[in-house]
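A.B. asks: Below is a structure I'd like to ask you about.
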Amino acid sequence: MFVMVTAVRFLSWATASLFLAVVPAVLAISGQSDPAVVIGVPLSVLVCSALAQPLAAELGGRCAQFAGLTALLVSLSVLSLTAGTSTWATPVAAVFAGFGHGLGRAGASAAVGVRTPSAAYLGLGLPALTTALLAPASSPATATALVASALALLVFPATGAVLEVGRTARRPGQHLPHPIHWIDPKPLCGRPTRSTPQF
């Protein structure tokens, strides 16, 4: 359970950090002259994440995580194909990233009911650091696409873990033997006394 929740929250933070830090820089480097597009990408993530978090309580922990991971997969797939340089696809991907972040993070918290291990917060800085290390060998856009592709591949095992945990939660103790309750026949068949209830 804790591993699954950590994975979901890691992917949520990792995707959000790409759109909050890396993608605006890639847009600026690629020659995007409209500041509304550059500023709108991280703003869309923050607003959509805030809007999605109340929905997680309505959906429940498992459904919210599944919906969040689906939105993250869409976002990361678009980012891996466009490398964050498209002026129309990148803002759309940012909206999906925001909803995925809000649903995934809040759903994971609701599912486990306790604080998430701090390893999940590696997602805040690890994608940006990896992109920065890969950029000199290729380009910022190519490095962004590679990191987004790697994160998109991680969504599949995380989704499988969410579905498996939800499946086992619906059948608790299925593999355990059923307890046998023995009935002592003496009080039922013995001779009635003053202390024995009369039927």
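Chain identifiers are assigned as A, B, and so on, following the order in which chains appear in the structure tokens; residues are numbered from 1 within each chain, and ligands are numbered from 1 in order of appearance.
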Need the shell around segment 73-82 of chain A: protein/DNA/RNA residues with any atom at most 9 Å away, counting only C-alpha atoms. Skip same-chain ones fewer than 5 positions apart. Format as a PyMOL selection string?

C.D. replies: chain A and resi 15+23+68+89-90+92-97+100+141-142+144-153+155-156

A.B. asks: My list of candidates is A:Leu122, A:Ala143, A:Ala135, A:Leu129. Which is closest to Phe10 of chain A when distances are computed with only C-alpha atoms?

C.D. replies: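 Result for the nearest residue to Phe10 of chain A: A:Leu122.
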
A.B. asks: Of the residues A:Thr70, A:Thr131, A:Gln65, A:Gln32, which is the one nearest to Arg9 of chain A, using only C-alpha atoms?

C.D. replies: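 Of A:Thr70, A:Thr131, A:Gln65, A:Gln32, the one nearest Arg9 of chain A, counting only C-alpha atoms, is A:Gln65.
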
A.B. asks: Kindly indicate which residue among A:Pro91, A:Gly123, A:Gly60, A:Pro42 lies nearest to Ser109 of chain A, using only C-alpha atoms for the distances.

C.D. replies: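 So, comparing all the options, the nearest one is A:Gly60.
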
A.B. asks: Take atom CA of Ser44 of chain A and atom CA of Ala7 of chain A and report the distance between them in Å, one decimal.

C.D. replies: 23.4 Å

A.B. asks: Can you tell me how far atom CA of Leu154 of chain A sits from atom CA of Ala14 of chain A, in Å to one decimal?

C.D. replies: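 Atom-to-atom, atom CA of Leu154 of chain A to atom CA of Ala14 of chain A, that is 11.1 Å.
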
A.B. asks: Identify, on the basis of only C-alpha atoms, every residue whose closest approach to segment 101-107 of chain A does not exceed 8 Å; exclude the query and any residue fewer than 6 positions from it along the same chain; express the result as a list in words.

C.D. replies: Val8, Arg9, Ser12, Trp13, Thr15, Ala16, Cys48, Ser49, Ala50, Leu51, Ala52, Gln53, Leu55, Ala56, Ala57, Gly60, Gly61, Arg62, Cys63, Ala64, Gln65, Phe66, Ala67, Gly68, Leu69 and Leu72 of chain A

A.B. asks: Find, counting only C-alpha atoms, the residue in A:Leu126, A:Val162, A:Ala110, A:Val3 that gets nearest to Pro54 of chain A.

C.D. replies: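 Smallest separation from Pro54 of chain A among the options: A:Ala110.
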
A.B. asks: In Å, rounded to a single decimal, give me how far atom CA of Thr6 of chain A is from atom CA of Pro24 of chain A.

C.D. replies: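 We find that atom CA of Pro24 of chain A and atom CA of Thr6 of chain A lie 26.6 Å from each other.
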